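Structure data follow from entry.txt (compact mmCIF, C-alpha atoms (C1' of nucleotides)):
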# COMPACT_ATOMS: atom_id res chain seq x y z
CA MET A 1 0.00 0.00 0.00
CA LEU A 2 1.42 3.24 -1.15
CA ARG A 3 1.51 6.12 1.26
CA ILE A 4 3.07 9.51 1.04
CA VAL A 5 5.39 9.70 4.01
CA SER A 6 7.18 12.88 3.17
CA SER A 7 9.39 14.28 5.87
CA VAL A 8 7.29 17.19 7.05
CA ARG A 9 8.45 18.73 10.24
CA LEU A 10 5.83 18.20 12.90
CA THR A 11 5.38 21.21 15.09
CA GLU A 12 3.23 21.89 18.12
CA THR A 13 0.56 23.09 15.73
CA SER A 14 0.63 19.70 14.05
CA TYR A 15 0.10 17.87 17.31
CA ILE A 16 -2.76 20.14 18.26
CA VAL A 17 -4.51 19.16 15.05
CA LEU A 18 -3.68 15.47 15.47
CA GLY A 19 -4.62 15.47 19.15
CA LEU A 20 -7.90 17.29 18.73
CA LEU A 21 -8.80 15.12 15.80
CA GLU A 22 -8.31 12.05 17.95
CA VAL A 23 -10.97 13.42 20.27
CA CYS A 24 -13.62 14.42 17.74
CA GLU A 25 -12.90 12.44 14.60
CA PRO A 26 -14.06 12.95 11.93
CA ALA A 27 -13.95 16.70 11.82
CA THR A 28 -13.67 19.69 9.53
CA PRO A 29 -11.03 22.34 10.16
CA TYR A 30 -13.86 24.51 11.38
CA ASP A 31 -14.81 21.96 14.02
CA LEU A 32 -11.20 21.79 15.16
CA LYS A 33 -11.00 25.53 15.32
CA ALA A 34 -14.09 25.64 17.54
CA LEU A 35 -12.77 22.90 19.81
CA ALA A 36 -9.35 24.51 20.05
CA ARG A 37 -11.02 27.74 21.08
CA GLN A 38 -12.45 26.04 24.13
CA SER A 39 -9.38 24.08 25.05
CA THR A 40 -5.85 24.42 23.72
CA MET A 41 -6.22 28.06 22.69
CA HIS A 42 -5.96 28.89 26.36
CA PHE A 43 -2.39 27.80 26.60
CA TRP A 44 -1.27 27.55 23.02
CA TYR A 45 -2.74 30.09 20.67
CA VAL A 46 -3.07 29.09 17.03
CA PRO A 47 -4.75 31.43 14.56
CA HIS A 48 -7.63 29.79 12.76
CA THR A 49 -6.09 30.20 9.32
CA GLN A 50 -3.31 27.98 10.44
CA ILE A 51 -5.61 25.13 11.30
CA TYR A 52 -6.83 25.04 7.72
CA THR A 53 -3.26 25.17 6.44
CA GLU A 54 -2.10 22.52 8.86
CA CYS A 55 -4.86 20.09 7.92
CA GLY A 56 -3.79 20.39 4.31
CA ARG A 57 -0.16 19.91 5.19
CA LEU A 58 -0.79 16.86 7.35
CA GLY A 59 -3.08 15.47 4.67
CA GLU A 60 -0.32 15.69 2.09
CA ALA A 61 2.08 14.05 4.50
CA GLY A 62 -0.27 11.13 4.85
CA LEU A 63 -1.09 11.67 8.50
CA LEU A 64 -4.68 12.63 7.80
CA SER A 65 -7.15 11.43 5.24
CA GLU A 66 -9.32 13.98 3.53
CA THR A 67 -12.79 13.56 2.10
CA ARG A 68 -15.26 16.18 0.95
CA GLU A 69 -18.85 16.56 1.92
CA GLN A 70 -21.18 16.02 -1.02
CA GLY A 71 -23.17 19.12 -1.93
CA GLY A 72 -23.42 22.23 0.18
CA ARG A 73 -20.09 23.78 1.02
CA ARG A 74 -18.28 20.60 0.11
CA ARG A 75 -16.35 20.98 3.30
CA ARG A 76 -13.19 18.99 3.82
CA VAL A 77 -13.57 16.30 6.43
CA TYR A 78 -10.49 14.84 8.06
CA ARG A 79 -9.67 11.60 9.83
CA LEU A 80 -6.45 10.32 11.37
CA THR A 81 -4.63 7.70 9.34
CA ASP A 82 -2.66 4.97 11.04
CA ALA A 83 0.48 6.99 10.38
CA GLY A 84 -1.15 9.98 12.02
CA ARG A 85 -2.12 8.00 15.07
CA GLU A 86 1.39 6.62 15.35
CA ALA A 87 2.98 10.05 15.06
CA LEU A 88 0.72 11.37 17.81
CA GLU A 89 1.44 8.43 20.04
CA ARG A 90 5.19 8.67 19.50
CA TRP A 91 5.14 12.32 20.48
CA ARG A 92 2.90 11.76 23.46
CA SER A 93 4.96 8.96 24.91
CA ASP A 94 8.24 10.86 24.73
CA PRO A 95 8.66 12.69 28.04
CA GLU A 96 11.07 15.22 26.52
CA ALA A 97 9.65 18.65 25.84
CA ARG A 98 11.19 21.94 24.86
CA PRO A 99 11.29 24.52 27.61
CA ALA A 100 8.26 26.70 28.19
CA GLU A 101 8.18 30.19 26.77
CA LEU A 102 6.61 33.23 28.27
CA ARG A 103 5.91 36.29 26.17
CA SER A 104 4.55 39.32 27.87
CA PRO A 105 4.51 42.52 25.83
CA ALA A 106 3.75 44.53 28.96
CA THR A 107 6.84 43.19 30.68
CA LEU A 108 8.86 44.11 27.64
CA LYS A 109 7.66 47.69 27.89
CA MET A 110 8.39 47.76 31.57
CA PHE A 111 11.84 46.42 30.90
CA PHE A 112 12.50 49.31 28.57
CA GLY A 113 11.39 51.86 31.09
CA ALA A 114 7.63 52.30 30.65
CA ASP A 115 5.67 53.51 33.64
CA PRO A 116 4.92 50.33 35.59
CA VAL A 117 1.90 51.64 37.44
CA ALA A 118 0.14 52.70 34.24
CA LEU A 119 0.83 49.30 32.70
CA ALA A 120 -0.33 47.45 35.78
CA ALA A 121 -3.89 48.76 35.55
CA GLY A 122 -4.46 47.31 32.09
CA GLN A 123 -2.68 44.08 32.86
CA LEU A 124 -4.70 43.49 36.00
CA ASP A 125 -7.94 43.89 34.08
CA GLU A 126 -6.81 41.49 31.44
CA HIS A 127 -5.47 38.81 33.74
CA ARG A 128 -8.46 38.95 36.07
CA ARG A 129 -10.76 38.51 33.10
CA GLN A 130 -8.68 35.61 31.87
CA LEU A 131 -8.58 33.98 35.29
CA ALA A 132 -12.35 34.22 35.64
CA GLU A 133 -12.77 32.56 32.26
CA TYR A 134 -10.41 29.71 33.13
CA GLU A 135 -12.12 29.14 36.44
CA SER A 136 -15.48 28.96 34.77
CA ILE A 137 -14.17 26.39 32.30
CA MET A 138 -12.62 24.48 35.16
CA GLY A 139 -16.02 24.42 36.85
CA GLU A 140 -17.54 22.83 33.76
CA LEU A 141 -14.72 20.31 33.45
CA GLU A 142 -15.11 19.22 37.04
CA ALA A 143 -18.88 19.00 36.75
CA SER A 144 -18.68 16.94 33.57
CA ASP A 145 -15.75 14.86 34.77
CA GLY A 146 -13.62 15.87 31.78
CA PRO A 147 -10.31 14.22 30.86
CA PRO A 148 -7.69 14.58 33.62
CA GLY A 149 -5.15 16.00 31.15
CA TRP A 150 -7.50 18.87 30.41
CA ARG A 151 -7.97 19.66 34.07
CA ARG A 152 -4.28 19.53 34.82
CA ALA A 153 -3.36 21.73 31.86
CA LEU A 154 -6.00 24.24 32.82
CA GLY A 155 -4.67 24.10 36.37
CA LEU A 156 -1.37 25.43 35.11
CA GLY A 157 -3.10 28.25 33.27
CA ILE A 158 -4.96 29.20 36.41
CA ALA A 159 -1.85 29.08 38.56
CA GLN A 160 0.03 31.28 36.11
CA GLU A 161 -2.80 33.79 35.86
CA ARG A 162 -2.90 34.10 39.63
CA GLU A 163 0.83 34.69 39.65
CA PHE A 164 0.49 37.38 37.00
CA ILE A 165 -2.14 39.07 39.13
CA ARG A 166 0.02 38.95 42.26
CA PHE A 167 2.90 40.35 40.25
CA TRP A 168 1.02 43.29 38.79
CA GLU A 169 -0.59 44.03 42.15
CA ARG A 170 2.86 44.34 43.67
CA VAL A 171 3.89 46.61 40.80
CA ALA A 172 0.76 48.73 41.19
CA ASP A 173 1.52 49.09 44.89
CA GLY A 174 4.90 50.48 43.96
CA ASP A 175 6.93 47.69 45.54
CA THR A 176 10.41 47.42 44.12
CA MET B 1 16.21 66.37 4.86
CA LEU B 2 15.05 63.32 3.04
CA ARG B 3 14.19 60.30 5.07
CA ILE B 4 12.64 57.01 4.17
CA VAL B 5 9.62 56.67 6.40
CA SER B 6 8.09 53.61 4.90
CA SER B 7 5.27 52.06 6.86
CA VAL B 8 6.98 49.01 8.25
CA ARG B 9 5.05 47.20 10.88
CA LEU B 10 6.87 47.49 14.18
CA THR B 11 6.74 44.30 16.17
CA GLU B 12 8.05 43.36 19.58
CA THR B 13 11.25 42.31 17.87
CA SER B 14 11.60 45.83 16.52
CA TYR B 15 11.25 47.38 19.94
CA ILE B 16 13.78 45.00 21.41
CA VAL B 17 16.30 46.20 18.85
CA LEU B 18 15.36 49.85 19.34
CA GLY B 19 15.32 49.55 23.11
CA LEU B 20 18.59 47.71 23.43
CA LEU B 21 20.21 50.10 21.01
CA GLU B 22 19.15 53.00 23.20
CA VAL B 23 21.14 51.41 26.01
CA CYS B 24 24.36 50.58 24.18
CA GLU B 25 24.46 52.80 21.14
CA PRO B 26 26.30 52.49 18.81
CA ALA B 27 26.23 48.75 18.38
CA THR B 28 26.56 45.95 15.86
CA PRO B 29 23.87 43.30 15.57
CA TYR B 30 26.28 40.99 17.32
CA ASP B 31 26.52 43.31 20.30
CA LEU B 32 22.73 43.46 20.48
CA LYS B 33 22.51 39.72 20.29
CA ALA B 34 24.92 39.39 23.21
CA LEU B 35 23.04 41.95 25.27
CA ALA B 36 19.68 40.37 24.49
CA ARG B 37 21.05 37.06 25.64
CA GLN B 38 21.62 38.49 29.09
CA SER B 39 18.41 40.43 29.35
CA THR B 40 15.36 40.26 27.11
CA MET B 41 15.99 36.68 25.97
CA HIS B 42 14.80 35.61 29.37
CA PHE B 43 11.26 36.72 28.77
CA TRP B 44 11.12 37.27 25.05
CA TYR B 45 13.17 34.91 22.94
CA VAL B 46 14.42 36.19 19.61
CA PRO B 47 16.70 34.01 17.47
CA HIS B 48 19.94 35.75 16.58
CA THR B 49 19.34 35.60 12.85
CA GLN B 50 16.37 37.80 13.39
CA ILE B 51 18.37 40.52 15.04
CA TYR B 52 20.46 40.86 11.91
CA THR B 53 17.36 40.91 9.74
CA GLU B 54 15.60 43.38 11.97
CA CYS B 55 18.51 45.82 12.00
CA GLY B 56 18.43 45.82 8.22
CA ARG B 57 14.69 46.30 8.17
CA LEU B 58 14.71 49.16 10.65
CA GLY B 59 17.61 50.72 8.79
CA GLU B 60 15.62 50.75 5.57
CA ALA B 61 12.67 52.23 7.39
CA GLY B 62 14.83 55.09 8.57
CA LEU B 63 14.67 54.23 12.26
CA LEU B 64 18.32 53.27 12.45
CA SER B 65 21.37 54.63 10.71
CA GLU B 66 23.91 52.18 9.42
CA THR B 67 27.65 52.65 8.98
CA ARG B 68 30.34 50.07 8.28
CA GLU B 69 33.57 49.56 10.11
CA GLN B 70 36.56 50.25 7.90
CA GLY B 71 38.72 47.18 7.32
CA GLY B 72 38.45 43.89 9.14
CA ARG B 73 34.98 42.42 9.01
CA ARG B 74 33.48 45.68 7.89
CA ARG B 75 30.81 45.10 10.47
CA ARG B 76 27.62 47.09 10.29
CA VAL B 77 27.28 49.57 13.13
CA TYR B 78 23.88 50.96 14.00
CA ARG B 79 22.60 54.05 15.77
CA LEU B 80 19.10 55.27 16.52
CA THR B 81 17.85 58.05 14.31
CA ASP B 82 15.49 60.69 15.67
CA ALA B 83 12.62 58.79 14.04
CA GLY B 84 13.79 55.63 15.82
CA ARG B 85 13.93 57.36 19.16
CA GLU B 86 10.44 58.76 18.63
CA ALA B 87 9.01 55.39 17.67
CA LEU B 88 10.49 53.82 20.77
CA GLU B 89 9.19 56.57 22.99
CA ARG B 90 5.71 56.43 21.48
CA TRP B 91 5.53 52.71 22.13
CA ARG B 92 6.92 53.01 25.64
CA SER B 93 4.54 55.71 26.74
CA ASP B 94 1.43 53.84 25.58
CA PRO B 95 0.18 51.76 28.50
CA GLU B 96 -1.74 49.39 26.22
CA ALA B 97 -0.16 46.02 25.67
CA ARG B 98 -1.36 42.82 24.08
CA PRO B 99 -2.12 40.02 26.50
CA ALA B 100 0.68 37.79 27.65
CA GLU B 101 1.16 34.41 26.05
CA LEU B 102 2.37 31.28 27.67
CA ARG B 103 3.54 28.37 25.59
CA SER B 104 4.49 25.19 27.32
CA PRO B 105 5.04 22.16 25.09
CA ALA B 106 5.00 19.90 28.13
CA THR B 107 1.56 21.13 29.11
CA LEU B 108 0.37 20.48 25.62
CA LYS B 109 1.53 16.88 25.87
CA MET B 110 -0.13 16.51 29.21
CA PHE B 111 -3.31 17.95 27.79
CA PHE B 112 -3.31 15.25 25.14
CA GLY B 113 -2.86 12.50 27.65
CA ALA B 114 0.90 12.07 28.15
CA ASP B 115 2.04 10.59 31.45
CA PRO B 116 2.24 13.59 33.77
CA VAL B 117 4.69 12.10 36.22
CA ALA B 118 7.23 11.29 33.50
CA LEU B 119 6.91 14.80 32.12
CA ALA B 120 7.24 16.40 35.53
CA ALA B 121 10.76 15.07 36.10
CA GLY B 122 12.18 16.78 33.04
CA GLN B 123 10.21 19.95 33.59
CA LEU B 124 11.35 20.27 37.18
CA ASP B 125 15.00 19.99 36.12
CA GLU B 126 14.54 22.59 33.46
CA HIS B 127 12.62 25.10 35.55
CA ARG B 128 14.92 24.76 38.54
CA ARG B 129 17.89 25.42 36.30
CA GLN B 130 16.15 28.41 34.81
CA LEU B 131 15.18 29.77 38.20
CA ALA B 132 18.74 29.47 39.47
CA GLU B 133 19.98 31.39 36.47
CA TYR B 134 17.44 34.18 36.93
CA GLU B 135 18.26 34.47 40.61
CA SER B 136 21.94 34.74 39.86
CA ILE B 137 21.26 37.52 37.35
CA MET B 138 19.02 39.22 39.88
CA GLY B 139 21.88 39.10 42.35
CA GLU B 140 24.11 40.91 39.91
CA LEU B 141 21.43 43.47 39.09
CA GLU B 142 20.88 44.28 42.75
CA ALA B 143 24.59 44.47 43.45
CA SER B 144 25.23 46.77 40.52
CA ASP B 145 22.08 48.80 41.08
CA GLY B 146 20.79 48.06 37.57
CA PRO B 147 17.80 49.80 35.97
CA PRO B 148 14.56 49.25 37.92
CA GLY B 149 12.75 48.07 34.78
CA TRP B 150 15.24 45.25 34.42
CA ARG B 151 14.77 44.15 38.02
CA ARG B 152 10.99 44.26 37.80
CA ALA B 153 10.89 42.31 34.54
CA LEU B 154 13.20 39.70 35.93
CA GLY B 155 11.02 39.57 39.02
CA LEU B 156 8.15 38.37 36.84
CA GLY B 157 10.34 35.70 35.31
CA ILE B 158 11.34 34.49 38.74
CA ALA B 159 7.77 34.47 40.03
CA GLN B 160 6.60 32.48 37.03
CA GLU B 161 9.43 29.97 37.30
CA ARG B 162 8.59 29.38 40.94
CA GLU B 163 4.97 28.82 39.98
CA PHE B 164 6.00 26.34 37.29
CA ILE B 165 8.03 24.45 39.88
CA ARG B 166 5.15 24.36 42.36
CA PHE B 167 2.88 23.13 39.59
CA TRP B 168 5.11 20.31 38.42
CA GLU B 169 5.81 19.29 42.00
CA ARG B 170 2.11 18.90 42.56
CA VAL B 171 1.85 16.87 39.38
CA ALA B 172 4.81 14.68 40.37
CA ASP B 173 3.15 14.04 43.70
CA GLY B 174 0.14 12.76 41.85
CA ASP B 175 -2.26 15.44 43.07
CA THR B 176 -5.24 15.85 40.85
C1' DC C 1 55.81 32.15 10.02
C1' DT C 2 52.47 28.70 9.17
C1' DG C 3 48.83 25.97 9.60
C1' DA C 4 45.49 23.76 12.95
C1' DT C 5 41.92 24.85 16.18
C1' DG C 6 38.16 26.94 18.32
C1' DA C 7 35.72 31.10 19.34
C1' DT C 8 33.58 34.96 17.19
C1' DA C 9 30.75 37.16 13.63
C1' DG C 10 27.52 37.15 9.92
C1' DT C 11 24.47 35.29 6.17
C1' DT C 12 21.30 32.35 3.47
C1' DC C 13 17.36 29.74 2.78
C1' DG C 14 13.13 27.19 3.08
C1' DG C 15 9.47 26.46 5.62
C1' DA C 16 6.25 27.85 9.54
C1' DT C 17 3.55 31.50 11.46
C1' DC C 18 0.55 35.24 11.56
C1' DG C 19 -3.14 38.61 10.83
C1' DA C 20 -5.81 41.29 7.79
C1' DA C 21 -8.83 40.99 4.46
C1' DC C 22 -11.82 38.98 1.48
C1' DG C 23 -15.14 35.48 -0.61
C1' DA C 24 -18.63 32.21 -0.19
C1' DT C 25 -22.55 29.69 1.70
C1' DG C 26 -26.55 29.08 4.92
C1' DC C 27 -30.51 30.64 7.15
C1' DG C 28 -34.00 33.25 9.41
C1' DA C 29 -36.94 37.58 9.36
C1' DG C 30 -39.48 40.76 7.01
C1' DC D 1 -37.55 36.59 -2.45
C1' DT D 2 -33.93 39.15 -0.65
C1' DC D 3 -31.63 41.38 2.87
C1' DG D 4 -28.55 40.87 6.48
C1' DC D 5 -26.03 38.38 9.71
C1' DA D 6 -23.65 34.30 11.22
C1' DT D 7 -21.08 30.61 9.61
C1' DC D 8 -17.41 28.74 6.92
C1' DG D 9 -13.17 28.86 4.24
C1' DT D 10 -9.26 30.80 1.69
C1' DT D 11 -5.62 34.00 -0.05
C1' DC D 12 -1.89 36.95 0.51
C1' DG D 13 2.16 39.27 1.99
C1' DA D 14 4.92 39.87 5.69
C1' DT D 15 7.20 38.09 9.59
C1' DC D 16 9.42 34.57 12.21
C1' DC D 17 12.32 30.78 12.92
C1' DG D 18 15.99 27.31 12.89
C1' DA D 19 19.36 24.66 10.54
C1' DA D 20 23.24 25.02 8.18
C1' DC D 21 26.89 27.23 6.35
C1' DT D 22 30.68 30.77 5.52
C1' DA D 23 34.07 33.87 6.98
C1' DT D 24 37.13 36.22 10.18
C1' DC D 25 40.01 36.41 14.17
C1' DA D 26 43.09 34.87 18.05
C1' DT D 27 46.15 31.69 19.72
C1' DC D 28 49.35 28.39 20.02
C1' DA D 29 52.14 24.35 18.57
C1' DG D 30 55.44 23.03 15.37
Target format structure tokens, applied to this file:
Amino acid sequence: MLRIVSSVRLTETSYIVLGLLEVCEPATPYDLKALARQSTMHFWYVPHTQIYTECGRLGEAGLLSETREQGGRRRRVYRLTDAGREALERWRSDPEARPAELRSPATLKMFFGADPVALAAGQLDEHRRQLAEYESIMGELEASDGPPGWRRALGLGIAQEREFIRFWERVADGDT
Amino acid sequence: MLRIVSSVRLTETSYIVLGLLEVCEPATPYDLKALARQSTMHFWYVPHTQIYTECGRLGEAGLLSETREQGGRRRRVYRLTDAGREALERWRSDPEARPAELRSPATLKMFFGADPVALAAGQLDEHRRQLAEYESIMGELEASDGPPGWRRALGLGIAQEREFIRFWERVADGDT
DNA sequence: CTGATGATAGTTCGGATCGAACGATGCGAG
DNA sequence: CTCGCATCGTTCGATCCGAACTATCATCAG
């Protein structure tokens, strides 16, 4: 059986697509986008255009199979192939992971001398909003007994948001 | 006086170059790369190739002036132009900032069902190493009475690293 | 002084990422 | 039926990124 196993580089984006597809197969890129919005987006943002692109890329690499809906929008519908499932499993079972990255534009400004108190106001709003959202999702996950991985990952997001809030509160209070 | 004021989009990368240049003007891209490594890299990673590219880009946009060393490597030496200084100041004095982003590949794996305890071991090593490094830099900054913005920004890095460590410790202990 | 060695300095290239903008279909209300 | 809004999907140009490679410089052994 012939299969295109080109040597595409698999990135985090790829595994998001593969992983989400495993959960809600079969799915259109639009479905994945909606699911990502409620789950992975919270700790790994991927713009929606990229999900479409990535599905195409993984399809060409033989990790997804693509069919089209008949009639209507003729939407592309994707499924994991065996190769796709294997790739996901290989990644998942390897405990190595690149170090985490934090990117905070506000911190960058502060680093370069912006007024910390003025920044803090906006950042506190934003992080409190974010925290509230995470906690509400966490409530749903606990109520519905969602997958433990989801709860744990969200737990990290919540912990980090709380830390952001503590940090900006200290800054707003003028502590060195 | 003629000046190219094309409408380049200024990104965080741009402001890192502008901001670092303000501190150690005049400088070659290599100097900036070295300085970034000790400072902004810790909370906003930029690959070195991009610093070269960005200097060129900002030069064309009229925000930097470029001269070449005579003889030797004929290295490019950059300075801020007035336009560059203004752009930096405009950015710095605007208290708006896009929300922070956290990207943790390990969390992503955990989300998709990887064994959390196996992941935790590696993550703890990494974050403890990182924390130690930040604390050592903080020591130097306090001893040398470095800029307050630098200390505050590093303070966030340290707080977040500690939170990461607490989180992965909980995971390693098998807490839900 | 010459050539090996390793650190320093700089560039190229292809592919991944991103966001703005646009184009298309579906569907309910008037 | 058709207007308007929500849904669905794509295109484009610019930016970002990492691997790999080249070139220069300093030093030291031979």
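With only C-alpha atoms (C1' of nucleotides) as the atoms that count, the residue of B:Glu54, B:Thr40, B:Leu102, B:Val17 with the shortest distance to DT15 (chain D) is B:Glu54.
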Neighbours of chain A in chain C at 12 Å, counting all atoms listed in the file, as a count of residues only: 9
Give me, as an MDAnalysis selection string, the contact residues of chain A against chain B at a cut-off of 7 Å, counting all atoms listed in the file. chainID A and resid 19 43:44 92:93 95:107 109:114 118:119 122 126 149:150 153 156 159:160 163 167
Neighbour list for Tyr78 (chain B) as a list in words, cut-off 6 Å, all atoms listed in the file, skip fewer than 2 positions in-chain: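 Using all atoms listed in the file, the neighbours found are Pro26, Ala27, Thr28, Ser65 and Glu66 of chain B.
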Point (31.1, 34.3, 19.5) neighbourhood (12 Å, all atoms listed in the file) written as a CSV table (one decimal) with C-alpha atoms (C1' of nucleotides), keeping the file's coordinate frame:
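Generated file (point39.csv):
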chain,number,residue,atom,x,y,z
B,30,TYR,CA,26.3,41.0,17.3
B,31,ASP,CA,26.5,43.3,20.3
B,33,LYS,CA,22.5,39.7,20.3
B,34,ALA,CA,24.9,39.4,23.2
B,48,HIS,CA,19.9,35.8,16.6
C,6,DG,C1',38.2,26.9,18.3
C,7,DA,C1',35.7,31.1,19.3
C,8,DT,C1',33.6,35.0,17.2
C,9,DA,C1',30.8,37.2,13.6
C,10,DG,C1',27.5,37.2,9.9
D,24,DT,C1',37.1,36.2,10.2
D,25,DC,C1',40.0,36.4,14.2
Please, what is the axis-aligned box for every listed atom of region 115-125 of chain B with 3 Å on each side, as centre and edge lengths in Å to one decimal, as AutoDock Vina command-line options?
--center_x 8.5 --center_y 15.4 --center_z 34.3 --size_x 19.0 --size_y 15.7 --size_z 11.7
Compute the chain D side of the contact with chain A at 9 Å, counting only C-alpha atoms (C1' of nucleotides), and hand it back as an NGL selection string. :D and (8-10)
Computed interatomic separation between CA of Ile51 (chain B) and CA of Gly84 (chain B) (Å): 15.8 Å
Do you have the CA of Leu80 (chain B)-CA of Glu25 (chain B) distance handy? 7.5 Å
Mind giving me the straight-line distance from C1' of DG14 (chain C) to C1' of DT22 (chain D) in Å, one decimal?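 Taking C1' of DG14 (chain C) and C1' of DT22 (chain D), their separation equals 18.1 Å.
Here the question is which of C:DA4, C:DG30, C:DT11, C:DC22 gets nearest to DC1 (chain D) using all atoms listed in the file, and that residue is C:DG30.
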